[in-house]
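Next comes start.pdb, with PDB, C-alpha atoms, pLDDT in the B column.
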```pdb
ATOM      1  CA  ALA U  26       9.369 -11.618  -6.822  1.00 86.00           C
ATOM      2  CA  THR U  27      12.315 -11.862  -4.458  1.00 86.00           C
ATOM      3  CA  SER U  28      15.580  -9.981  -4.209  1.00 90.00           C
ATOM      4  CA  PRO U  29      18.505 -10.860  -1.924  1.00 91.00           C
ATOM      5  CA  ALA U  30      20.469  -7.884  -0.615  1.00 93.00           C
ATOM      6  CA  ALA U  31      23.469  -7.016   1.497  1.00 95.00           C
ATOM      7  CA  THR U  32      22.144  -4.065   3.461  1.00 95.00           C
ATOM      8  CA  GLY U  33      23.680  -1.913   6.182  1.00 96.00           C
ATOM      9  CA  ASP U  34      24.505   1.539   7.475  1.00 96.00           C
ATOM     10  CA  ALA U  35      27.360   3.618   6.129  1.00 97.00           C
ATOM     11  CA  PHE U  36      28.439   7.179   5.427  1.00 97.00           C
ATOM     12  CA  ALA U  37      28.564   8.852   2.022  1.00 97.00           C
ATOM     13  CA  THR U  38      31.276  11.483   1.604  1.00 95.00           C
ATOM     14  CA  GLN U  39      31.959  14.001  -1.126  1.00 94.00           C
ATOM     15  CA  GLY U  40      34.572  16.606  -0.261  1.00 91.00           C
ATOM     16  CA  ALA U  41      33.704  18.044   3.177  1.00 90.00           C
ATOM     17  CA  ALA U  42      30.069  16.848   2.992  1.00 92.00           C
ATOM     18  CA  ASN U  43      29.230  13.646   4.890  1.00 94.00           C
ATOM     19  CA  ARG U  44      25.788  12.004   5.237  1.00 96.00           C
ATOM     20  CA  PRO U  45      24.534   8.819   6.927  1.00 96.00           C
ATOM     21  CA  VAL U  46      23.173   6.365   4.354  1.00 97.00           C
ATOM     22  CA  VAL U  47      21.858   2.848   3.974  1.00 96.00           C
ATOM     23  CA  VAL U  48      23.795   0.748   1.461  1.00 97.00           C
ATOM     24  CA  PHE U  49      21.821  -1.799  -0.571  1.00 96.00           C
ATOM     25  CA  GLY U  50      24.036  -4.304  -2.340  1.00 97.00           C
ATOM     26  CA  ILE U  51      21.595  -5.632  -4.945  1.00 97.00           C
ATOM     27  CA  GLU U  52      21.079  -7.408  -8.233  1.00 96.00           C
ATOM     28  CA  PRO U  53      19.397  -4.511 -10.110  1.00 96.00           C
ATOM     29  CA  GLU U  54      16.983  -6.546 -12.249  1.00 96.00           C
ATOM     30  CA  ARG U  55      15.698  -8.595  -9.305  1.00 94.00           C
ATOM     31  CA  PHE U  56      15.472  -5.582  -6.973  1.00 95.00           C
ATOM     32  CA  ASP U  57      13.515  -3.651  -9.611  1.00 95.00           C
ATOM     33  CA  ARG U  58      10.830  -6.380  -9.604  1.00 92.00           C
ATOM     34  CA  VAL U  59      10.287  -5.736  -5.893  1.00 91.00           C
ATOM     35  CA  ILE U  60      10.887  -1.967  -5.754  1.00 90.00           C
ATOM     36  CA  ALA U  61      10.486  -0.283  -9.148  1.00 92.00           C
ATOM     37  CA  VAL U  62      13.546   1.968  -9.168  1.00 96.00           C
ATOM     38  CA  ARG U  63      14.172   1.933 -12.939  1.00 96.00           C
ATOM     39  CA  ASP U  64      10.973   3.906 -13.596  1.00 96.00           C
ATOM     40  CA  LYS U  65      11.945   6.479 -10.945  1.00 97.00           C
ATOM     41  CA  ILE U  66      15.361   7.409 -12.360  1.00 98.00           C
ATOM     42  CA  THR U  67      15.433  11.186 -12.872  1.00 98.00           C
ATOM     43  CA  ARG U  68      19.010  11.483 -14.140  1.00 97.00           C
ATOM     44  CA  GLY U  69      21.435   8.951 -15.573  1.00 98.00           C
ATOM     45  CA  SER U  70      20.564   5.267 -15.734  1.00 97.00           C
ATOM     46  CA  TYR U  71      19.662   2.308 -13.553  1.00 97.00           C
ATOM     47  CA  ARG U  72      22.936   0.497 -14.144  1.00 91.00           C
ATOM     48  CA  LEU U  73      25.175  -1.075 -11.540  1.00 95.00           C
ATOM     49  CA  ASP U  74      28.443  -2.591 -12.709  1.00 91.00           C
ATOM     50  CA  GLY U  75      31.642  -2.776 -10.699  1.00 90.00           C
ATOM     51  CA  ALA U  76      32.211   0.400  -8.683  1.00 95.00           C
ATOM     52  CA  GLU U  77      28.953   2.169  -9.543  1.00 97.00           C
ATOM     53  CA  ALA U  78      26.044   3.479  -7.487  1.00 98.00           C
ATOM     54  CA  VAL U  79      22.519   4.788  -7.935  1.00 98.00           C
ATOM     55  CA  ILE U  80      21.473   7.263  -5.239  1.00 98.00           C
ATOM     56  CA  GLY U  81      18.440   9.204  -4.053  1.00 97.00           C
ATOM     57  CA  SER U  82      17.782  12.707  -5.374  1.00 97.00           C
ATOM     58  CA  GLU U  83      17.935  14.414  -1.972  1.00 97.00           C
ATOM     59  CA  LEU U  84      21.226  12.712  -1.119  1.00 97.00           C
ATOM     60  CA  ALA U  85      22.621  13.927  -4.446  1.00 97.00           C
ATOM     61  CA  ASP U  86      21.469  17.470  -3.642  1.00 97.00           C
ATOM     62  CA  ASP U  87      22.777  17.324  -0.043  1.00 96.00           C
ATOM     63  CA  LEU U  88      26.225  16.189  -1.196  1.00 96.00           C
ATOM     64  CA  GLY U  89      26.312  18.368  -4.320  1.00 96.00           C
ATOM     65  CA  VAL U  90      26.887  15.389  -6.632  1.00 97.00           C
ATOM     66  CA  ASP U  91      25.411  14.228  -9.912  1.00 97.00           C
ATOM     67  CA  VAL U  92      25.771  11.493 -12.507  1.00 98.00           C
ATOM     68  CA  GLY U  93      29.440  10.820 -13.288  1.00 97.00           C
ATOM     69  CA  ASP U  94      30.711  12.167  -9.956  1.00 97.00           C
ATOM     70  CA  ARG U  95      32.574   9.985  -7.471  1.00 96.00           C
ATOM     71  CA  LEU U  96      31.249   9.193  -4.007  1.00 96.00           C
ATOM     72  CA  ARG U  97      33.091   7.566  -1.098  1.00 97.00           C
ATOM     73  CA  ILE U  98      31.106   5.078   1.006  1.00 98.00           C
ATOM     74  CA  THR U  99      32.530   4.151   4.416  1.00 97.00           C
ATOM     75  CA  THR U 100      31.025   1.663   6.864  1.00 96.00           C
ATOM     76  CA  PRO U 101      31.231   2.011  10.663  1.00 95.00           C
ATOM     77  CA  ARG U 102      33.844  -0.796  10.600  1.00 95.00           C
ATOM     78  CA  GLY U 103      36.068   1.280   8.294  1.00 96.00           C
ATOM     79  CA  ASN U 104      35.472  -0.511   4.985  1.00 97.00           C
ATOM     80  CA  GLU U 105      35.500   1.896   2.034  1.00 97.00           C
ATOM     81  CA  SER U 106      34.578   2.001  -1.606  1.00 97.00           C
ATOM     82  CA  LEU U 107      34.927   4.832  -4.123  1.00 97.00           C
ATOM     83  CA  LEU U 108      31.932   4.682  -6.473  1.00 97.00           C
ATOM     84  CA  THR U 109      30.869   6.457  -9.646  1.00 97.00           C
ATOM     85  CA  ILE U 110      27.271   7.699  -9.606  1.00 98.00           C
ATOM     86  CA  ARG U 111      25.407   6.203 -12.595  1.00 98.00           C
ATOM     87  CA  GLY U 112      21.898   7.298 -11.700  1.00 98.00           C
ATOM     88  CA  VAL U 113      19.749   9.412  -9.411  1.00 98.00           C
ATOM     89  CA  PHE U 114      16.234   8.336  -8.411  1.00 97.00           C
ATOM     90  CA  ASP U 115      13.182   9.883  -6.788  1.00 96.00           C
ATOM     91  CA  LEU U 116      10.985   7.266  -5.106  1.00 93.00           C
ATOM     92  CA  GLY U 117       8.657   9.919  -3.685  1.00 91.00           C
ATOM     93  CA  ASN U 118       9.802   9.402  -0.086  1.00 90.00           C
ATOM     94  CA  GLN U 119      12.079  11.955   1.564  1.00 91.00           C
ATOM     95  CA  GLN U 120      13.890   9.499   3.854  1.00 91.00           C
ATOM     96  CA  VAL U 121      14.504   7.055   1.013  1.00 93.00           C
ATOM     97  CA  ASN U 122      15.711   9.820  -1.296  1.00 95.00           C
ATOM     98  CA  GLN U 123      18.053  11.139   1.437  1.00 96.00           C
ATOM     99  CA  ARG U 124      19.566   7.838   2.542  1.00 95.00           C
ATOM    100  CA  TRP U 125      19.499   5.059  -0.067  1.00 96.00           C
ATOM    101  CA  VAL U 126      22.640   4.117  -1.974  1.00 98.00           C
ATOM    102  CA  LEU U 127      22.197   1.175  -4.353  1.00 98.00           C
ATOM    103  CA  VAL U 128      25.383  -0.678  -5.306  1.00 98.00           C
ATOM    104  CA  PRO U 129      26.129  -4.009  -6.989  1.00 97.00           C
ATOM    105  CA  LEU U 130      25.538  -6.992  -4.701  1.00 96.00           C
ATOM    106  CA  ARG U 131      29.250  -7.884  -4.598  1.00 96.00           C
ATOM    107  CA  THR U 132      30.195  -4.333  -3.628  1.00 96.00           C
ATOM    108  CA  GLY U 133      27.627  -4.397  -0.821  1.00 96.00           C
ATOM    109  CA  GLN U 134      28.889  -7.794   0.333  1.00 97.00           C
ATOM    110  CA  ALA U 135      32.483  -6.532   0.465  1.00 96.00           C
ATOM    111  CA  LEU U 136      31.591  -3.281   2.244  1.00 96.00           C
ATOM    112  CA  LEU U 137      29.421  -5.040   4.824  1.00 96.00           C
ATOM    113  CA  GLU U 138      31.678  -8.091   5.257  1.00 96.00           C
ATOM    114  CA  LEU U 139      29.134 -10.571   3.885  1.00 94.00           C
ATOM    115  CA  PRO U 140      31.205 -12.450   1.264  1.00 93.00           C
ATOM    116  CA  GLY U 141      28.833 -14.408  -0.940  1.00 92.00           C
ATOM    117  CA  GLY U 142      25.924 -13.689   1.402  1.00 91.00           C
ATOM    118  CA  ALA U 143      22.863 -11.580   1.965  1.00 91.00           C
ATOM    119  CA  ASN U 144      21.343 -10.348   5.207  1.00 90.00           C
ATOM    120  CA  VAL U 145      17.928  -9.442   3.747  1.00 88.00           C
ATOM    121  CA  VAL U 146      15.610 -10.917   1.131  1.00 86.00           C
ATOM    122  CA  TYR U 147      12.967  -8.522  -0.167  1.00 85.00           C
ATOM    123  CA  VAL U 148       9.697 -10.113  -1.271  1.00 83.00           C
ATOM    124  CA  SER U 149       6.904  -8.615  -3.336  1.00 81.00           C
ATOM    125  CA  VAL U 150       3.325  -9.743  -2.637  1.00 79.00           C
ATOM    126  CA  ARG U 151       0.275  -9.536  -4.907  1.00 80.00           C
ATOM    127  CA  GLU U 152      -2.025  -8.196  -2.186  1.00 79.00           C
ATOM    128  CA  ILE U 153      -0.246  -5.512  -0.179  1.00 75.00           C
ATOM    129  CA  PHE U 154      -2.497  -5.857   2.867  1.00 78.00           C
ATOM    130  CA  ALA U 155      -1.762  -9.610   3.007  1.00 75.00           C
ATOM    131  CA  ALA U 156       1.890  -8.848   3.809  1.00 76.00           C
ATOM    132  CA  ASP U 157       1.541  -9.722   7.516  1.00 80.00           C
ATOM    133  CA  ARG U 158       0.119 -13.155   6.682  1.00 82.00           C
ATOM    134  CA  VAL U 159       2.809 -13.824   4.071  1.00 77.00           C
ATOM    135  CA  ALA U 160       5.554 -12.764   6.513  1.00 78.00           C
ATOM    136  CA  ALA U 161       4.130 -15.108   9.173  1.00 84.00           C
ATOM    137  CA  ARG U 162       4.069 -18.012   6.678  1.00 82.00           C
ATOM    138  CA  ILE U 163       7.674 -17.334   5.650  1.00 79.00           C
ATOM    139  CA  ALA U 164       8.793 -17.175   9.296  1.00 80.00           C
ATOM    140  CA  ASP U 165       6.956 -20.417  10.127  1.00 85.00           C
ATOM    141  CA  ALA U 166       8.383 -22.230   7.103  1.00 87.00           C
ATOM    142  CA  THR U 167      11.985 -21.057   7.473  1.00 82.00           C
ATOM    143  CA  GLY U 168      12.464 -20.237  11.133  1.00 84.00           C
ATOM    144  CA  LEU U 169      13.890 -16.864  10.048  1.00 76.00           C
ATOM    145  CA  GLU U 170      12.698 -13.410  11.051  1.00 82.00           C
ATOM    146  CA  ALA U 171      10.219 -12.071   8.489  1.00 78.00           C
ATOM    147  CA  GLU U 172       8.908  -8.523   8.838  1.00 80.00           C
ATOM    148  CA  SER U 173       6.141  -7.173   6.618  1.00 74.00           C
ATOM    149  CA  TRP U 174       6.006  -3.610   5.383  1.00 70.00           C
ATOM    150  CA  MET U 175       2.925  -3.252   7.581  1.00 70.00           C
ATOM    151  CA  ALA U 176       4.882  -4.075  10.752  1.00 74.00           C
ATOM    152  CA  ALA U 177       7.851  -1.936   9.713  1.00 69.00           C
ATOM    153  CA  ASN U 178       5.637   1.054   8.877  1.00 69.00           C
ATOM    154  CA  GLN U 179       2.939   0.977  11.555  1.00 70.00           C
ATOM    155  CA  GLN U 180       2.706   4.776  11.755  1.00 63.00           C
ATOM    156  CA  LEU U 181       2.103   4.989   8.005  1.00 57.00           C
ATOM    157  CA  LEU U 182      -0.517   2.252   8.203  1.00 56.00           C
ATOM    158  CA  ILE U 183      -2.313   4.009  11.088  1.00 64.00           C
ATOM    159  CA  GLY U 184      -2.301   7.208   9.033  1.00 59.00           C
ATOM    160  CA  LEU U 185      -3.705   5.440   5.972  1.00 53.00           C
ATOM    161  CA  ARG U 186      -6.438   3.787   8.014  1.00 58.00           C
ATOM    162  CA  SER U 187      -7.302   7.089   9.750  1.00 61.00           C
ATOM    163  CA  GLN U 188      -7.441   8.870   6.405  1.00 53.00           C
ATOM    164  CA  SER U 189      -9.709   6.143   5.053  1.00 47.00           C
ATOM    165  CA  SER U 190     -11.994   6.392   8.115  1.00 44.00           C
ATOM    166  CA  SER U 191     -12.151  10.190   7.804  1.00 44.00           C
ATOM    167  CA  SER U 192     -13.006   9.867   4.126  1.00 43.00           C
ATOM    168  CA  TYR U 193     -15.842   7.442   4.871  1.00 42.00           C
ATOM    169  CA  THR U 194     -17.175   9.704   7.646  1.00 41.00           C
ATOM    170  CA  ILE U 195     -17.123  12.753   5.356  1.00 42.00           C
ATOM    171  CA  GLN U 196     -18.771  10.763   2.545  1.00 42.00           C
ATOM    172  CA  PHE U 197     -21.461   9.564   4.992  1.00 40.00           C
ATOM    173  CA  PHE U 198     -22.264  13.100   6.155  1.00 42.00           C
ATOM    174  CA  VAL U 199     -22.371  14.422   2.576  1.00 41.00           C
ATOM    175  CA  PHE U 200     -24.673  11.515   1.636  1.00 44.00           C
ATOM    176  CA  LEU U 201     -26.844  12.201   4.705  1.00 40.00           C
ATOM    177  CA  ALA U 202     -27.040  15.921   3.908  1.00 41.00           C
ATOM    178  CA  VAL U 203     -28.085  15.203   0.331  1.00 42.00           C
ATOM    179  CA  ALA U 204     -30.575  12.566   1.503  1.00 43.00           C
ATOM    180  CA  ILE U 205     -32.345  14.927   3.894  1.00 43.00           C
ATOM    181  CA  GLY U 206     -32.152  17.914   1.556  1.00 46.00           C
ATOM    182  CA  ILE U 207     -29.636  20.116   3.383  1.00 46.00           C
ATOM    183  CA  ALA U 208     -27.069  20.226   0.584  1.00 46.00           C
TER     184      ALA U 208
END
```
Would you put the structure from the file into structure tokens?
Amino acid sequence: ATSPAATGDAFATQGAANRPVVVFGIEPERFDRVIAVRDKITRGSYRLDGAEAVIGSELADDLGVDVGDRLRITTPRGNESLLTIRGVFDLGNQQVNQRWVLVPLRTGQALLELPGGANVVYVSVREIFAADRVAARIADATGLEAESWMAANQQLLIGLRSQSSSSYTIQFFVFLAVAIGIA
């Protein structure tokens, strides 16, 4: 699955509260095939029409907003949009829940000055640990920059591999203890 997006930094404002965010101008159905947001909606709905937004749960809490409230998005270049919050999601990641604002693709294009364009294409792969190879093939075939989730999240990957190694070491010692009659 693939999903084009107009993505960039902005600020979300509600009253005196102001938070840095990342705007994702998306086509909701396509984006959901790559990142399953619809199943992670905790309040409201996964609907993006016109001047609507779906935001992370921690951003909603930080700004004191909920479904039906209005939220002002302003880019560093001064482009603004007043959006109605249609849904709140929890993707299980604090940074994502604090910073992501999903808007219709056309709204993202207008805010980020990308008329009719996209600056990112998200791709879903069948084998998650093949992402580096797939990114390399895409870069070779298109001449464009292609970054896998593995490259973008090296610290997470190191942690997962370390956790896996620790688990195998612990399992080995438990097996060894049972085998020699200690446990």
Best match for closeness to Ala42 (chain U) among U:Ala143, U:Ala156, U:Ala85, U:Ala161, counting all atoms listed in the file: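 Nearest candidate to Ala42 (chain U) out of U:Ala143, U:Ala156, U:Ala85, U:Ala161: U:Ala85.
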Nearest to Val146 (chain U), chosen from U:Ala171, U:Asp165, U:Lys65, U:Trp125, with all atoms listed in the file counted in the distances: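 Nearest candidate to Val146 (chain U) out of U:Ala171, U:Asp165, U:Lys65, U:Trp125: U:Ala171.
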From U:Val46, U:Leu137, U:Val145, U:Ala41, residue lying nearest Gln120 (chain U) [only C-alpha atoms]: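 For Gln120 (chain U), the nearest of the given residues is U:Val46.
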Nearest candidate to Glu77 (chain U) (options U:Pro45, U:Gly103, U:Gly141, U:Gly50; using all atoms listed in the file):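 The answer is U:Gly50, which sits nearest to Glu77 (chain U).
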Radius query 12 Å about (16.6, -5.1, -8.2), atoms used: only C-alpha atoms, as a PDB file with C-alpha atoms, in the coordinates of the input:
```pdb
ATOM      1  CA  ALA U  26       9.369 -11.618  -6.822  1.00 86.00           C
ATOM      2  CA  THR U  27      12.315 -11.862  -4.458  1.00 86.00           C
ATOM      3  CA  SER U  28      15.580  -9.981  -4.209  1.00 90.00           C
ATOM      4  CA  PRO U  29      18.505 -10.860  -1.924  1.00 91.00           C
ATOM      5  CA  ALA U  30      20.469  -7.884  -0.615  1.00 93.00           C
ATOM      6  CA  PHE U  49      21.821  -1.799  -0.571  1.00 96.00           C
ATOM      7  CA  GLY U  50      24.036  -4.304  -2.340  1.00 97.00           C
ATOM      8  CA  ILE U  51      21.595  -5.632  -4.945  1.00 97.00           C
ATOM      9  CA  GLU U  52      21.079  -7.408  -8.233  1.00 96.00           C
ATOM     10  CA  PRO U  53      19.397  -4.511 -10.110  1.00 96.00           C
ATOM     11  CA  GLU U  54      16.983  -6.546 -12.249  1.00 96.00           C
ATOM     12  CA  ARG U  55      15.698  -8.595  -9.305  1.00 94.00           C
ATOM     13  CA  PHE U  56      15.472  -5.582  -6.973  1.00 95.00           C
ATOM     14  CA  ASP U  57      13.515  -3.651  -9.611  1.00 95.00           C
ATOM     15  CA  ARG U  58      10.830  -6.380  -9.604  1.00 92.00           C
ATOM     16  CA  VAL U  59      10.287  -5.736  -5.893  1.00 91.00           C
ATOM     17  CA  ILE U  60      10.887  -1.967  -5.754  1.00 90.00           C
ATOM     18  CA  ALA U  61      10.486  -0.283  -9.148  1.00 92.00           C
ATOM     19  CA  VAL U  62      13.546   1.968  -9.168  1.00 96.00           C
ATOM     20  CA  ARG U  63      14.172   1.933 -12.939  1.00 96.00           C
ATOM     21  CA  ASP U  64      10.973   3.906 -13.596  1.00 96.00           C
ATOM     22  CA  TYR U  71      19.662   2.308 -13.553  1.00 97.00           C
ATOM     23  CA  ARG U  72      22.936   0.497 -14.144  1.00 91.00           C
ATOM     24  CA  LEU U  73      25.175  -1.075 -11.540  1.00 95.00           C
ATOM     25  CA  VAL U  79      22.519   4.788  -7.935  1.00 98.00           C
ATOM     26  CA  LEU U 127      22.197   1.175  -4.353  1.00 98.00           C
ATOM     27  CA  VAL U 128      25.383  -0.678  -5.306  1.00 98.00           C
ATOM     28  CA  PRO U 129      26.129  -4.009  -6.989  1.00 97.00           C
ATOM     29  CA  LEU U 130      25.538  -6.992  -4.701  1.00 96.00           C
ATOM     30  CA  VAL U 146      15.610 -10.917   1.131  1.00 86.00           C
ATOM     31  CA  TYR U 147      12.967  -8.522  -0.167  1.00 85.00           C
ATOM     32  CA  VAL U 148       9.697 -10.113  -1.271  1.00 83.00           C
ATOM     33  CA  SER U 149       6.904  -8.615  -3.336  1.00 81.00           C
TER      34      SER U 149
END
```
Pick from U:Asp157, U:Glu138, U:Glu152, U:Glu170 nearest to Asn104 (chain U), counting all atoms listed in the file: U:Glu138
Coordinates-based distance that separates CA of Gly69 (chain U) from CA of Val92 (chain U) (Å, one decimal):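 Between CA of Val92 (chain U) and CA of Gly69 (chain U) the gap is 5.9 Å.
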Selection under test: the PyMOL selection byres ((chain U and resi 101) around 8); residues as a VMD selection string: chain U and resid 34 to 36 99 to 100 102 to 104
Using the partial input, fill out region 54-69 of chain U with N, CA and C atoms; write the result as a JSON list (two decimals), keeping the file's coordinate frame.
```json
[["chain", "number", "residue", "atom", "x", "y", "z"],
["U", 54, "GLU", "N", 18.20, -6.04, -11.59],
["U", 54, "GLU", "CA", 16.98, -6.55, -12.25],
["U", 54, "GLU", "C", 16.02, -7.17, -11.24],
["U", 55, "ARG", "N", 16.55, -7.95, -10.32],
["U", 55, "ARG", "CA", 15.70, -8.60, -9.30],
["U", 55, "ARG", "C", 15.12, -7.56, -8.35],
["U", 56, "PHE", "N", 15.94, -6.61, -7.91],
["U", 56, "PHE", "CA", 15.47, -5.58, -6.97],
["U", 56, "PHE", "C", 14.37, -4.75, -7.61],
["U", 57, "ASP", "N", 14.51, -4.47, -8.90],
["U", 57, "ASP", "CA", 13.52, -3.65, -9.61],
["U", 57, "ASP", "C", 12.15, -4.34, -9.69],
["U", 58, "ARG", "N", 12.11, -5.66, -9.62],
["U", 58, "ARG", "CA", 10.83, -6.38, -9.60],
["U", 58, "ARG", "C", 10.11, -6.23, -8.27],
["U", 59, "VAL", "N", 10.88, -5.92, -7.23],
["U", 59, "VAL", "CA", 10.29, -5.74, -5.89],
["U", 59, "VAL", "C", 10.03, -4.26, -5.62],
["U", 60, "ILE", "N", 11.01, -3.41, -5.90],
["U", 60, "ILE", "CA", 10.89, -1.97, -5.75],
["U", 60, "ILE", "C", 11.27, -1.35, -7.09],
["U", 61, "ALA", "N", 10.29, -0.78, -7.78],
["U", 61, "ALA", "CA", 10.49, -0.28, -9.15],
["U", 61, "ALA", "C", 11.32, 1.00, -9.16],
["U", 62, "VAL", "N", 12.63, 0.83, -9.15],
["U", 62, "VAL", "CA", 13.55, 1.97, -9.17],
["U", 62, "VAL", "C", 13.75, 2.47, -10.59],
["U", 63, "ARG", "N", 13.87, 1.56, -11.54],
["U", 63, "ARG", "CA", 14.17, 1.93, -12.94],
["U", 63, "ARG", "C", 13.24, 3.03, -13.45],
["U", 64, "ASP", "N", 11.95, 2.92, -13.13],
["U", 64, "ASP", "CA", 10.97, 3.91, -13.60],
["U", 64, "ASP", "C", 11.07, 5.23, -12.86],
["U", 65, "LYS", "N", 11.84, 5.27, -11.78],
["U", 65, "LYS", "CA", 11.94, 6.48, -10.94],
["U", 65, "LYS", "C", 13.29, 7.18, -11.11],
["U", 66, "ILE", "N", 14.07, 6.76, -12.10],
["U", 66, "ILE", "CA", 15.36, 7.41, -12.36],
["U", 66, "ILE", "C", 15.08, 8.77, -12.98],
["U", 67, "THR", "N", 15.64, 9.82, -12.37],
["U", 67, "THR", "CA", 15.43, 11.19, -12.87],
["U", 67, "THR", "C", 16.63, 11.68, -13.69],
["U", 68, "ARG", "N", 17.80, 11.13, -13.39],
["U", 68, "ARG", "CA", 19.01, 11.48, -14.14],
["U", 68, "ARG", "C", 19.87, 10.24, -14.25],
["U", 69, "GLY", "N", 20.55, 10.09, -15.38],
["U", 69, "GLY", "CA", 21.44, 8.95, -15.57],
["U", 69, "GLY", "C", 20.66, 7.69, -15.89]]
```
